[in-house]
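Structure below is my_file.txt: compact mmCIF, C-alpha atoms.
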```
# COMPACT_ATOMS: atom_id res chain seq x y z
CA MET A 336 295.40 18.38 26.77
CA ASN A 337 294.89 21.06 24.16
CA GLU A 338 297.46 22.17 21.60
CA HIS A 339 298.42 25.27 23.57
CA ASP A 340 299.14 23.26 26.72
CA HIS A 341 301.25 20.84 24.78
CA ARG A 342 303.32 23.61 23.21
CA GLN A 343 304.11 24.85 26.71
CA TRP A 344 305.42 21.42 27.61
CA GLU A 345 307.54 21.43 24.48
CA ASP A 346 309.33 24.58 25.58
CA ASP A 347 309.81 23.14 29.04
CA ILE A 348 311.36 20.03 27.52
CA ALA A 349 314.11 22.08 25.90
CA ALA A 350 314.82 23.84 29.19
CA TYR A 351 314.74 20.49 30.95
CA ALA A 352 317.19 18.99 28.46
CA LEU A 353 319.55 21.89 29.19
CA GLY A 354 319.18 21.45 32.95
CA ALA A 355 317.57 24.88 33.18
CA LEU A 356 314.48 24.02 35.24
CA ASP A 357 314.39 24.38 38.99
CA GLU A 358 313.61 21.42 41.21
CA SER A 359 309.86 21.82 41.36
CA GLU A 360 309.62 22.38 37.60
CA THR A 361 311.82 19.35 37.05
CA ALA A 362 309.58 17.21 39.21
CA ARG A 363 306.50 18.48 37.37
CA ILE A 364 307.81 17.75 33.91
CA GLU A 365 309.05 14.33 34.93
CA LEU A 366 305.55 13.48 36.04
CA HIS A 367 304.30 14.60 32.67
CA LEU A 368 306.99 12.71 30.78
CA ALA A 369 306.02 9.54 32.55
CA ASP A 370 302.60 9.77 30.94
CA CYS A 371 303.33 11.42 27.61
CA GLN A 372 304.92 9.32 24.93
CA SER A 373 305.04 12.27 22.54
CA CYS A 374 307.07 14.39 24.95
CA ARG A 375 309.40 11.50 25.74
CA ALA A 376 310.07 11.10 22.04
CA ASP A 377 310.64 14.84 21.78
CA LEU A 378 313.18 14.70 24.60
CA ARG A 379 314.98 11.75 23.05
CA TRP A 380 315.23 13.65 19.79
CA LEU A 381 316.55 16.84 21.39
CA ALA A 382 318.99 15.19 23.79
CA PRO A 383 321.83 14.73 21.26
CA ALA A 384 321.86 18.49 20.69
CA VAL A 385 322.74 18.89 24.36
CA ASP A 386 325.15 15.97 24.38
CA VAL A 387 327.31 17.61 21.72
CA LEU A 388 327.66 20.94 23.51
CA PRO A 389 330.87 19.85 25.31
CA ALA A 390 332.48 19.34 21.90
CA SER A 391 332.07 23.03 21.20
CA VAL A 392 334.44 24.21 23.91
CA GLU A 393 338.14 24.91 23.57
CA GLN A 394 339.92 21.59 23.81
CA LEU A 395 342.64 21.72 26.42
CA ALA A 396 345.18 19.13 27.42
CA PRO A 397 344.81 18.29 31.10
CA PRO A 398 348.01 18.53 33.14
CA PRO A 399 349.80 15.15 33.26
CA GLU A 400 349.70 15.10 37.04
CA LEU A 401 345.90 15.00 36.97
CA ARG A 402 346.02 11.46 35.59
CA ARG A 403 348.30 10.40 38.42
CA ARG A 404 346.05 12.06 40.99
CA ILE A 405 343.05 10.17 39.69
CA VAL A 406 344.91 6.85 39.52
CA ASP A 407 346.16 7.34 43.08
CA ALA A 408 342.72 8.30 44.34
CA VAL A 409 341.15 5.25 42.70
CA ALA A 410 343.82 3.01 44.20
CA GLY A 411 342.87 4.32 47.62
CA GLU A 412 339.23 3.44 47.21
CA ASP A 413 337.47 0.18 47.82
CA GLY A 414 335.89 0.15 44.40
CA PRO A 415 332.51 0.55 42.82
CA MET A 416 329.55 0.99 45.12
CA ALA A 417 325.89 1.83 44.94
CA ARG A 418 325.68 5.15 43.23
CA PRO A 419 324.15 8.28 44.69
CA ALA A 420 320.93 9.62 43.22
CA ARG A 421 322.55 12.73 41.78
CA ASP A 422 324.36 10.82 39.06
CA ARG A 423 321.40 8.86 37.87
CA ALA A 424 320.80 10.93 34.79
CA PRO A 425 323.01 9.67 32.04
CA SER A 426 322.33 11.31 28.77
CA LEU A 427 318.86 12.57 28.06
CA GLY A 428 319.99 16.13 28.24
CA ALA A 429 321.48 17.99 31.14
CA SER A 430 318.86 17.76 33.84
CA ARG A 431 320.28 16.67 37.14
CA ALA A 432 317.33 14.62 38.23
CA GLY A 433 316.56 11.04 37.28
CA ARG A 434 314.07 10.96 34.47
CA ARG A 435 312.80 7.50 34.12
CA SER A 436 312.14 4.86 36.63
CA ARG A 437 314.83 2.30 36.28
CA ARG A 438 313.86 -1.25 35.74
CA SER A 439 314.22 -3.25 38.87
CA SER A 440 316.88 -5.87 38.91
CA SER A 441 314.22 -8.51 38.95
CA ARG A 442 313.35 -7.47 35.41
CA ARG A 443 316.73 -8.71 34.36
CA ILE A 444 315.85 -12.17 35.44
CA ALA A 445 314.82 -14.33 32.61
CA SER A 446 314.78 -18.00 32.09
CA LEU A 447 316.06 -19.09 28.74
CA ARG A 448 315.96 -22.75 29.41
CA PRO A 449 312.86 -23.37 27.29
CA ALA A 450 314.40 -21.43 24.44
CA LEU A 451 317.63 -23.26 24.82
CA ALA A 452 315.86 -26.59 24.74
CA GLY A 453 313.87 -25.58 21.71
CA ALA A 454 316.70 -24.29 19.64
CA ALA A 455 317.97 -26.64 17.00
CA ALA A 456 321.43 -27.31 18.20
CA VAL A 457 324.06 -27.41 15.55
CA VAL A 458 326.88 -28.35 17.76
CA ALA A 459 330.27 -27.28 16.64
CA LEU A 460 332.83 -28.13 19.21
CA ALA A 461 335.64 -25.73 18.82
CA ALA A 462 338.21 -27.10 21.17
CA GLY A 463 340.55 -27.76 18.31
CA LEU A 464 339.83 -24.45 16.66
CA ALA A 465 340.79 -22.17 19.47
CA ALA A 466 343.08 -19.69 17.88
CA GLY A 467 345.14 -18.94 20.91
CA TYR A 468 343.87 -15.49 21.62
CA ALA A 469 344.12 -14.66 25.25
CA LEU A 470 343.58 -11.50 27.17
CA ARG A 471 347.30 -10.95 27.23
CA GLY A 472 347.15 -10.04 23.58
CA GLU A 473 346.74 -11.56 20.19
CA ASP A 474 350.42 -12.22 19.79
CA ASP A 475 350.62 -14.39 22.83
CA ALA A 476 350.30 -18.10 22.34
CA PRO A 477 348.17 -19.90 24.89
CA THR A 478 350.18 -21.35 27.69
CA ALA A 479 349.67 -24.55 29.61
CA ALA A 480 347.52 -22.58 32.03
CA THR A 481 345.07 -21.60 29.31
CA THR A 482 341.91 -23.68 29.30
CA THR A 483 339.77 -23.88 26.19
CA LEU A 484 336.11 -24.71 26.64
CA PRO A 485 333.93 -25.53 23.66
CA ALA A 486 330.85 -23.51 22.85
CA ASN A 487 327.68 -24.93 21.39
CA VAL A 488 326.23 -23.13 18.41
CA LEU A 489 322.49 -23.12 18.91
CA ALA A 490 321.21 -21.14 15.95
CA PRO A 491 319.46 -23.31 13.38
CA GLY A 492 321.78 -23.81 10.45
CA GLY A 493 324.52 -21.90 12.22
CA THR A 494 327.99 -22.33 10.85
CA ALA A 495 329.90 -20.43 13.49
CA THR A 496 332.42 -21.97 15.77
CA ALA A 497 333.20 -20.60 19.16
CA SER A 498 335.24 -21.30 22.23
CA LEU A 499 335.75 -19.90 25.66
CA LEU A 500 339.34 -19.38 26.76
CA HIS A 501 340.23 -19.21 30.42
CA HIS A 502 343.63 -18.01 31.56
CA GLY A 503 343.97 -17.07 35.19
CA ASP A 504 341.33 -14.42 35.84
CA SER A 505 341.00 -13.64 32.16
CA TRP A 506 338.21 -15.01 30.01
CA THR A 507 337.84 -14.58 26.29
CA LEU A 508 335.13 -15.69 23.91
CA ASN A 509 336.50 -16.47 20.46
CA VAL A 510 334.03 -16.62 17.61
CA ARG A 511 334.68 -17.64 14.02
CA ASP A 512 332.50 -17.64 10.91
CA MET A 513 329.82 -15.58 12.58
CA PRO A 514 328.05 -13.08 10.31
CA ALA A 515 327.56 -9.48 11.42
CA PRO A 516 324.04 -9.06 12.80
CA PRO A 517 321.70 -7.30 10.38
CA GLY A 518 320.20 -3.87 10.75
CA GLY A 519 322.70 -2.37 13.16
CA ALA A 520 322.01 -5.03 15.78
CA VAL A 521 324.76 -6.38 18.04
CA TYR A 522 325.56 -9.61 19.76
CA GLN A 523 325.35 -9.56 23.51
CA VAL A 524 326.98 -11.88 26.01
CA TRP A 525 324.96 -13.07 29.00
CA LEU A 526 326.17 -14.76 32.14
CA ARG A 527 323.70 -17.33 33.40
CA HIS A 528 323.62 -17.97 37.11
CA ASP A 529 321.14 -20.81 37.52
CA ARG A 530 317.97 -19.24 36.05
CA ARG A 531 319.18 -15.68 36.27
CA MET A 532 320.58 -13.94 33.19
CA VAL A 533 323.05 -11.11 33.78
CA PRO A 534 323.82 -8.83 30.82
CA SER A 535 327.45 -8.51 29.84
CA VAL A 536 329.47 -7.17 26.94
CA LEU A 537 328.36 -6.40 23.39
CA PHE A 538 330.26 -7.26 20.23
CA VAL A 539 330.05 -7.28 16.47
CA PRO A 540 332.26 -9.63 14.43
CA SER A 541 334.80 -8.04 12.14
CA ARG A 542 334.64 -8.32 8.36
CA ASP A 543 336.38 -11.66 8.48
CA ARG A 544 333.46 -12.87 10.63
CA ARG A 545 335.65 -13.24 13.69
CA ALA A 546 335.42 -11.75 17.14
CA THR A 547 337.65 -11.95 20.17
CA VAL A 548 335.60 -10.79 23.11
CA ALA A 549 337.15 -10.00 26.48
CA LEU A 550 334.82 -11.07 29.28
CA PRO A 551 334.69 -9.92 32.90
CA ALA A 552 336.30 -12.05 35.58
CA ARG A 553 332.90 -12.84 37.07
CA VAL A 554 332.43 -15.36 34.29
CA ALA A 555 334.03 -17.78 36.74
CA GLU A 556 330.97 -17.46 38.98
CA ALA A 557 328.49 -18.08 36.17
CA ASP A 558 327.17 -21.44 35.08
CA GLU A 559 327.12 -20.64 31.43
CA VAL A 560 328.00 -17.96 28.89
CA LEU A 561 325.36 -17.28 26.26
CA VAL A 562 325.19 -15.02 23.22
CA THR A 563 322.03 -13.49 21.78
CA ARG A 564 321.32 -10.97 19.04
CA GLU A 565 320.10 -7.68 20.49
CA PRO A 566 319.26 -4.16 19.32
CA ARG A 567 322.10 -1.65 19.16
CA GLY A 568 323.05 -0.62 22.68
CA GLY A 569 322.18 -4.01 24.07
CA SER A 570 319.34 -5.12 26.30
CA ARG A 571 318.79 -5.63 29.97
CA ALA A 572 317.10 -8.97 29.37
CA PRO A 573 317.49 -11.22 26.32
CA THR A 574 315.11 -10.47 23.48
CA SER A 575 316.08 -13.38 21.24
CA ASP A 576 317.02 -17.01 21.55
CA PRO A 577 320.65 -17.70 22.34
CA MET A 578 322.92 -18.43 19.41
CA LEU A 579 325.92 -19.63 21.35
CA ALA A 580 326.26 -21.30 24.71
CA ALA A 581 329.36 -22.37 26.61
CA GLU A 582 329.52 -23.85 30.06
CA THR A 583 332.22 -22.38 32.24
CA SER A 584 333.56 -25.62 33.60
CA MET D 372 343.55 -7.65 31.38
CA THR D 373 346.49 -5.98 29.73
CA ARG D 374 346.59 -2.37 28.69
CA ALA D 375 346.68 -3.46 25.03
CA THR D 376 343.54 -5.53 25.48
CA ALA D 377 341.72 -2.74 27.28
CA GLU D 378 342.55 -0.30 24.53
CA ARG D 379 340.82 -2.53 22.02
CA LEU D 380 337.56 -2.51 23.93
CA ALA D 381 334.69 -0.13 23.36
CA ASP D 382 333.77 2.23 26.18
CA GLU D 383 330.68 0.22 26.98
CA GLU D 384 332.79 -2.93 27.31
CA LEU D 385 335.30 -1.13 29.50
CA MET D 386 332.47 -0.15 31.83
CA ILE D 387 331.85 -3.81 32.55
CA PHE D 388 335.41 -4.06 33.81
CA VAL D 389 335.13 -0.82 35.75
CA GLN D 390 332.08 -2.31 37.43
CA GLU D 391 334.27 -5.28 38.34
CA GLY D 392 336.70 -2.91 40.05
CA ASN D 393 339.32 -2.98 37.31
CA SER D 394 341.16 0.32 37.68
CA GLY D 395 343.08 -0.25 34.45
CA ALA D 396 339.80 0.00 32.54
CA LEU D 397 339.09 3.34 34.22
CA GLU D 398 342.54 4.57 33.22
CA VAL D 399 341.79 3.78 29.59
CA LEU D 400 338.52 5.68 29.88
CA TYR D 401 340.44 8.61 31.32
CA ASP D 402 342.95 8.50 28.49
CA ARG D 403 340.08 8.61 25.99
CA HIS D 404 337.88 11.18 27.64
CA GLY D 405 340.01 13.00 30.20
CA GLY D 406 340.79 15.78 27.75
CA PRO D 407 337.19 16.56 26.81
CA ALA D 408 336.16 16.20 30.47
CA TYR D 409 338.84 18.63 31.64
CA SER D 410 338.05 21.02 28.79
CA LEU D 411 334.36 21.06 29.69
CA ALA D 412 335.13 21.57 33.35
CA HIS D 413 337.54 24.39 32.54
CA ARG D 414 334.98 26.04 30.29
CA ILE D 415 332.43 26.06 33.09
CA VAL D 416 334.54 26.92 36.13
CA GLY D 417 337.09 29.07 34.29
CA ASP D 418 339.98 28.06 36.46
CA ALA D 419 342.64 25.38 35.94
CA GLN D 420 342.84 24.14 39.52
CA ALA D 421 339.08 24.00 39.94
CA ALA D 422 338.79 22.22 36.59
CA GLU D 423 341.28 19.59 37.76
CA ASP D 424 339.30 19.07 40.96
CA VAL D 425 336.05 18.74 39.03
CA THR D 426 337.57 16.26 36.58
CA GLN D 427 338.97 14.18 39.41
CA GLU D 428 335.63 14.20 41.23
CA ALA D 429 333.86 13.14 38.06
CA PHE D 430 336.13 10.18 37.36
CA LEU D 431 335.93 9.09 40.97
CA SER D 432 332.16 9.28 40.65
CA VAL D 433 332.35 7.07 37.57
CA TRP D 434 334.49 4.64 39.55
CA ARG D 435 332.17 4.59 42.54
CA THR D 436 328.88 4.58 40.68
CA SER D 437 329.72 2.58 37.59
CA ALA D 438 326.90 0.16 38.30
CA GLY D 439 324.52 2.98 37.55
CA TYR D 440 325.64 3.30 33.98
CA ASP D 441 322.95 2.07 31.62
CA ALA D 442 324.11 1.54 28.04
CA ALA D 443 320.51 1.59 26.85
CA ARG D 444 320.27 5.24 27.86
CA GLY D 445 323.31 6.65 26.16
CA SER D 446 327.02 6.45 25.59
CA VAL D 447 329.63 6.30 28.32
CA ARG D 448 331.04 9.57 27.01
CA SER D 449 327.70 11.38 27.33
CA TRP D 450 327.19 9.97 30.81
CA LEU D 451 330.67 10.99 31.92
CA LEU D 452 330.43 14.49 30.48
CA GLN D 453 327.05 14.93 32.13
CA ILE D 454 328.63 14.10 35.46
CA VAL D 455 331.42 16.58 34.71
CA ARG D 456 328.91 19.26 33.85
CA ASN D 457 326.91 18.69 37.03
CA ARG D 458 330.02 18.71 39.21
CA ALA D 459 331.34 21.82 37.50
CA ILE D 460 328.08 23.70 38.01
CA ASP D 461 328.10 22.64 41.66
CA SER D 462 331.66 23.92 41.95
CA LEU D 463 330.70 27.17 40.30
CA ARG D 464 327.90 27.68 42.75
CA ARG D 465 330.05 26.79 45.74
CA SER D 466 332.79 29.18 44.78
CA ALA D 467 330.35 32.04 44.30
CA SER D 468 332.40 33.02 41.30
CA ARG D 469 329.51 32.43 39.02
CA GLY D 470 329.53 34.92 36.24
CA GLY D 471 333.28 35.32 36.33
CA ARG D 472 333.62 33.11 33.35
CA LEU D 473 330.34 33.92 31.72
CA ASP D 474 329.10 37.20 30.52
CA LEU D 475 325.88 38.00 28.82
CA ASP D 476 327.63 38.23 25.48
CA ASP D 477 329.08 34.81 25.93
CA GLU D 478 329.76 33.37 22.53
CA GLY D 479 332.17 30.71 23.64
CA LEU D 480 329.93 28.15 22.02
CA VAL D 481 331.44 28.98 18.68
CA GLU D 482 334.91 30.09 19.64
CA ALA D 483 336.47 26.78 20.41
CA GLN D 484 340.14 26.37 19.65
CA GLU D 485 341.60 23.13 18.46
CA ALA D 486 344.31 21.29 20.32
CA PRO D 487 346.91 19.46 18.21
CA GLU D 488 345.74 16.12 16.89
CA GLN D 489 347.65 13.19 18.27
CA THR D 490 345.70 10.08 17.36
CA ASP D 491 343.11 8.94 14.87
CA ALA D 492 340.53 8.96 17.64
CA GLU D 493 341.39 12.53 18.49
CA ALA D 494 341.26 13.47 14.82
CA SER D 495 337.80 11.95 14.67
CA ARG D 496 336.72 13.92 17.72
CA ARG D 497 338.12 17.09 16.23
CA GLU D 498 336.13 16.49 13.09
CA ARG D 499 333.00 15.98 15.13
CA ALA D 500 333.76 19.13 17.09
CA ARG D 501 334.08 21.00 13.82
CA GLN D 502 330.64 19.73 12.82
CA VAL D 503 329.19 20.81 16.14
CA ARG D 504 330.71 24.25 15.90
CA GLY D 505 329.37 24.53 12.40
CA ALA D 506 325.91 23.69 13.66
CA LEU D 507 326.21 26.22 16.47
CA ARG D 508 327.64 28.91 14.23
CA ASP D 509 324.42 28.91 12.27
CA LEU D 510 322.38 29.80 15.33
CA PRO D 511 321.17 33.34 15.96
CA ARG D 512 323.20 34.97 18.71
CA ASP D 513 320.26 35.27 21.09
CA GLN D 514 319.71 31.52 20.95
CA VAL D 515 323.40 30.78 21.53
CA GLN D 516 323.30 33.12 24.48
CA VAL D 517 320.46 31.41 26.37
CA ILE D 518 321.83 27.93 25.63
CA GLY D 519 325.28 28.94 26.84
CA LEU D 520 323.97 30.55 30.01
CA ALA D 521 321.92 27.46 30.82
CA TYR D 522 324.38 24.71 29.95
CA PHE D 523 327.71 26.30 30.80
CA GLY D 524 326.49 28.80 33.37
CA GLY D 525 324.06 26.60 35.25
CA PHE D 526 321.40 29.31 35.23
CA THR D 527 317.74 28.34 35.29
CA HIS D 528 315.43 29.77 32.67
CA SER D 529 313.92 32.08 35.32
CA GLU D 530 317.34 33.43 36.20
CA ILE D 531 318.19 33.95 32.55
CA ALA D 532 314.94 35.81 32.01
CA GLU D 533 315.81 38.09 34.90
CA LEU D 534 319.40 38.57 33.75
CA LEU D 535 318.39 39.46 30.23
CA GLY D 536 315.23 41.32 31.18
CA MET D 537 313.01 39.33 28.93
CA PRO D 538 309.85 37.24 29.40
CA LEU D 539 310.25 33.66 30.56
CA GLY D 540 308.45 32.37 27.50
CA THR D 541 310.94 34.09 25.24
CA VAL D 542 313.87 32.44 27.00
CA LYS D 543 312.33 28.99 26.80
CA GLY D 544 311.33 29.53 23.20
CA ARG D 545 314.87 30.53 22.25
CA MET D 546 316.25 27.49 24.03
CA ARG D 547 313.92 25.26 22.10
CA LEU D 548 314.52 26.88 18.74
CA GLY D 549 318.27 26.75 19.26
CA LEU D 550 318.33 23.11 20.27
CA GLN D 551 316.02 22.18 17.43
CA LYS D 552 318.34 23.81 14.92
CA VAL D 553 321.44 22.17 16.37
CA ARG D 554 319.70 18.83 16.35
CA ALA D 555 318.52 19.25 12.79
CA ASN D 556 322.00 20.27 11.64
CA LEU D 557 323.57 17.29 13.31
CA GLY D 558 321.24 15.05 11.37
CA GLU D 559 320.87 11.36 11.81
CA GLN D 560 324.58 10.75 12.39
CA ILE D 561 324.11 11.58 16.05
CA ALA D 562 320.85 9.71 16.52
```

Can the structure in the file be given as structure tokens, please?
Amino acid sequence: MNEHDHRQWEDDIAAYALGALDESETARIELHLADCQSCRADLRWLAPAVDVLPASVEQLAPPPELRRRIVDAVAGEDGPMARPARDRAPSLGASRAGRRSRRSSSRRIASLRPALAGAAAVVALAAGLAAGYALRGEDDAPTAATTTLPANVLAPGGTATASLLHHGDSWTLNVRDMPAPPGGAVYQVWLRHDRRMVPSVLFVPSRDRRATVALPARVAEADEVLVTREPRGGSRAPTSDPMLAAETS
Amino acid sequence: MTRATAERLADEELMIFVQEGNSGALEVLYDRHGGPAYSLAHRIVGDAQAAEDVTQEAFLSVWRTSAGYDAARGSVRSWLLQIVRNRAIDSLRRSASRGGRLDLDDEGLVEAQEAPEQTDAEASRRERARQVRGALRDLPRDQVQVIGLAYFGGFTHSEIAELLGMPLGTVKGRMRLGLQKVRANLGEQIA
């Protein structure tokens, strides 16, 4: 591709980011983007300029009844389902078509057992350190129905303590003495189902090196809860060895 | 999960609960982003009732298709507002009232009014909005015009070229120059 051709693509990328290409042009540029790292980088750079455009409009307060309408409509639905293709474009500009092939769910599958076995386990059972945080709020003391499960700290030399609290359908991971991850990274929770790792919530400890992390109810179906360090935004499969591990029963 | 707990969670964490079918998590997302969503919809469709319908459709879409949200590809807010924008443009096209809200001298990009601040989060959003408007205010009018017609009007670059009576390459070039300047003005804080 010569320089002139590439400049033409550059202009198309701006129009694409604004959602201003027709369907055939969109399909054409998406083919190109799949093969052109430079143009993908260009799109990623431009996309925030489109993402901020909604902030430029007059900010209006929606009528209060709109909230009730939405709540009522949601209550009348069965719940989340497989999404339609039209909403597959999250944030790389305004184009209405999907832009990148999504990783198949099988890519999420990862076995961490070897890593787990290899990690130097500095076990810090935290059953006695559970601070009583439950999903009902920090001011609530744990009740008799609250179960505290110890977490193993797997990072070599790790000083953190952690525990998994279970109260009804609510699960919380409590972490103490855990340093903030360096370089803008985050900690990510994973739910292990046999050999399958399912990504879950992200967290960063507060300045006092503590974190109280609300977990989804599906923790109950998992065999183990694990925590790894991941790049900002999280990952779809673990990219580092687990630092914490807690069995769910 | 209590309301107080949900309010402490980041949007990306709330999405996990939405995916689980937790309607309370969706309500918190609405309370955070319902205003900007409604404002964007109103800006595009130019009508209060249609804006309400678009906002409702968008949040129901979030509810139904939450599994499709991918944190690696952007924030929940960007994803939601993109859905709002798409639905609003669809509504505009359906109603055949396109153009009623937009005119070729559309400078609404830099005329935003500010609603009263109620919370720290809103104050933060207002500050960001001020930064965005500052970035847009620096753009030449012809660049604002093509960006506004594309993003808020749902016009393709070919349609804009026809509307404005200018070559296609000029339209695309102005779009690019405008976005580049906005992006540069926003700096790394948005990256």

Closest atom pairs, chain D residues within 7 Å of chain A, all atoms listed in the file, as a Markdown table:
```
| residue | atom | partner | partner_atom | distance |
| --- | --- | --- | --- | --- |
| D:Met372 | CA | A:Leu470 | CA | 5.7 |
| D:Thr373 | CA | A:Arg471 | CA | 5.6 |
| D:Ala375 | CA | A:Gly472 | CA | 6.8 |
| D:Thr376 | CA | A:Gly472 | CA | 6.1 |
| D:Glu384 | CA | A:Val536 | CA | 5.4 |
| D:Ile387 | CA | A:Pro551 | CA | 6.7 |
| D:Phe388 | CA | A:Pro551 | CA | 6.0 |
| D:Gln390 | CA | A:Pro415 | CA | 6.1 |
| D:Gly392 | CA | A:Gly414 | CA | 5.4 |
| D:Gly406 | CA | A:Ala396 | CA | 5.5 |
| D:Pro407 | CA | A:Gln394 | CA | 6.5 |
| D:Tyr409 | CA | A:Pro397 | CA | 6.0 |
| D:Ser410 | CA | A:Leu395 | CA | 5.2 |
| D:Leu411 | CA | A:Pro389 | CA | 5.7 |
| D:Arg414 | CA | A:Val392 | CA | 6.7 |
| D:Glu423 | CA | A:Leu401 | CA | 6.6 |
| D:Gln427 | CA | A:Ile405 | CA | 5.7 |
| D:Leu431 | CA | A:Val409 | CA | 6.7 |
| D:Trp434 | CA | A:Pro415 | CA | 5.6 |
| D:Arg435 | CA | A:Pro415 | CA | 4.1 |
| D:Thr436 | CA | A:Arg418 | CA | 4.1 |
| D:Ser437 | CA | A:Pro415 | CA | 6.3 |
| D:Ala438 | CA | A:Ala417 | CA | 6.9 |
| D:Gly439 | CA | A:Arg418 | CA | 6.2 |
| D:Ala442 | CA | A:Gly568 | CA | 5.9 |
| D:Ala443 | CA | A:Gly568 | CA | 5.4 |
| D:Arg444 | CA | A:Ser426 | CA | 6.5 |
| D:Gly445 | CA | A:Ser426 | CA | 5.4 |
| D:Ser449 | CA | A:Ser426 | CA | 5.6 |
| D:Trp450 | CA | A:Pro425 | CA | 4.4 |
| D:Gln453 | CA | A:Ala429 | CA | 6.4 |
| D:Ile454 | CA | A:Asp422 | CA | 6.5 |
| D:Asn457 | CA | A:Arg431 | CA | 6.9 |
| D:Gly479 | CA | A:Val392 | CA | 6.9 |
| D:Leu480 | CA | A:Ser391 | CA | 5.6 |
| D:Val481 | CA | A:Ser391 | CA | 6.5 |
| D:Ala483 | CA | A:Glu393 | CA | 4.0 |
| D:Gln484 | CA | A:Glu393 | CA | 4.6 |
| D:Glu485 | CA | A:Gln394 | CA | 5.8 |
| D:Ala486 | CA | A:Gln394 | CA | 5.6 |
| D:Ala500 | CA | A:Ala390 | CA | 5.0 |
| D:Val503 | CA | A:Ser391 | CA | 6.2 |
| D:Arg504 | CA | A:Ser391 | CA | 5.6 |
| D:Ala521 | CA | A:Ala355 | CA | 5.6 |
| D:Tyr522 | CA | A:Leu353 | CA | 5.6 |
| D:Phe526 | CA | A:Ala355 | CA | 6.2 |
| D:Thr527 | CA | A:Ala355 | CA | 4.1 |
| D:His528 | CA | A:Ala355 | CA | 5.4 |
| D:Lys543 | CA | A:Asp346 | CA | 5.5 |
| D:Gly544 | CA | A:Asp346 | CA | 5.8 |
| D:Met546 | CA | A:Ala349 | CA | 6.1 |
| D:Arg547 | CA | A:Ala349 | CA | 5.0 |
| D:Leu550 | CA | A:Ala384 | CA | 5.8 |
| D:Gln551 | CA | A:Leu381 | CA | 6.7 |
| D:Val553 | CA | A:Ala384 | CA | 5.7 |
| D:Arg554 | CA | A:Ala384 | CA | 4.9 |
| D:Ile561 | CA | A:Pro383 | CA | 6.5 |
| D:Ala562 | CA | A:Pro383 | CA | 7.0 |
```

Grab the atom CA of A:Ser575 to atom CA of D:Ser446 distance for me, in Å with one decimal place.
->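 Computing the Euclidean distance for atom CA of A:Ser575 and atom CA of D:Ser446 yields 23.1 Å.
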
Closest of A:Leu378, A:Leu508, A:Leu489, A:Val562 to A:Tyr522 - atom-to-atom distances counting all atoms listed in the file =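 For A:Tyr522, the nearest of the candidates is A:Val562.
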
What is the distance between atom CA of D:Gln420 and atom CA of D:Ile518, in Å to one decimal?
-> 25.5 Å

Students should find that atom CA of D:Gly395 and atom CA of A:Val560 are spaced 23.9 Å

Check the smallest atom-to-atom distance from each of A:Ser373, A:Ala546, A:Val554, A:Asp512 to A:Leu526 using only C-alpha atoms, then report the winner.
->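 Smallest separation from A:Leu526 among the options: A:Val554.
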
Selection as a PyMOL selection string: residues within 8 Å of (337.0, -18.8, 9.4), counting only C-alpha atoms | chain A and resi 511-512+543-545

Selection file, C-alpha atoms, as a PDB file, in the coordinates of the input:
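Contents of selection_24.pdb, freshly written:
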```
ATOM      1  CA  ARG A 511     334.680 -17.640  14.020  1.00  0.00           C
ATOM      2  CA  ASP A 512     332.500 -17.640  10.910  1.00  0.00           C
ATOM      3  CA  ASP A 543     336.380 -11.660   8.480  1.00  0.00           C
ATOM      4  CA  ARG A 544     333.460 -12.870  10.630  1.00  0.00           C
ATOM      5  CA  ARG A 545     335.650 -13.240  13.690  1.00  0.00           C
TER       6      ARG A 545
END
```

One residue among A:Leu366, A:Ala581, A:Ala376, A:Ala557 is nearest to A:Arg530 when using all atoms listed in the file, and that residue is A:Ala557

Of the candidates D:Leu548, D:Arg448, D:Leu520, D:Arg458, which shows the shortest atom-to-atom distance to D:Tyr401, using all atoms listed in the file?
-> D:Arg448

Which is closer to D:Gly505 than all the others in D:Leu385, D:Ala396, D:Ala429, D:Leu557, using all atoms listed in the file?
->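 Using all atoms listed in the file, D:Gly505 sits closest to D:Leu557.
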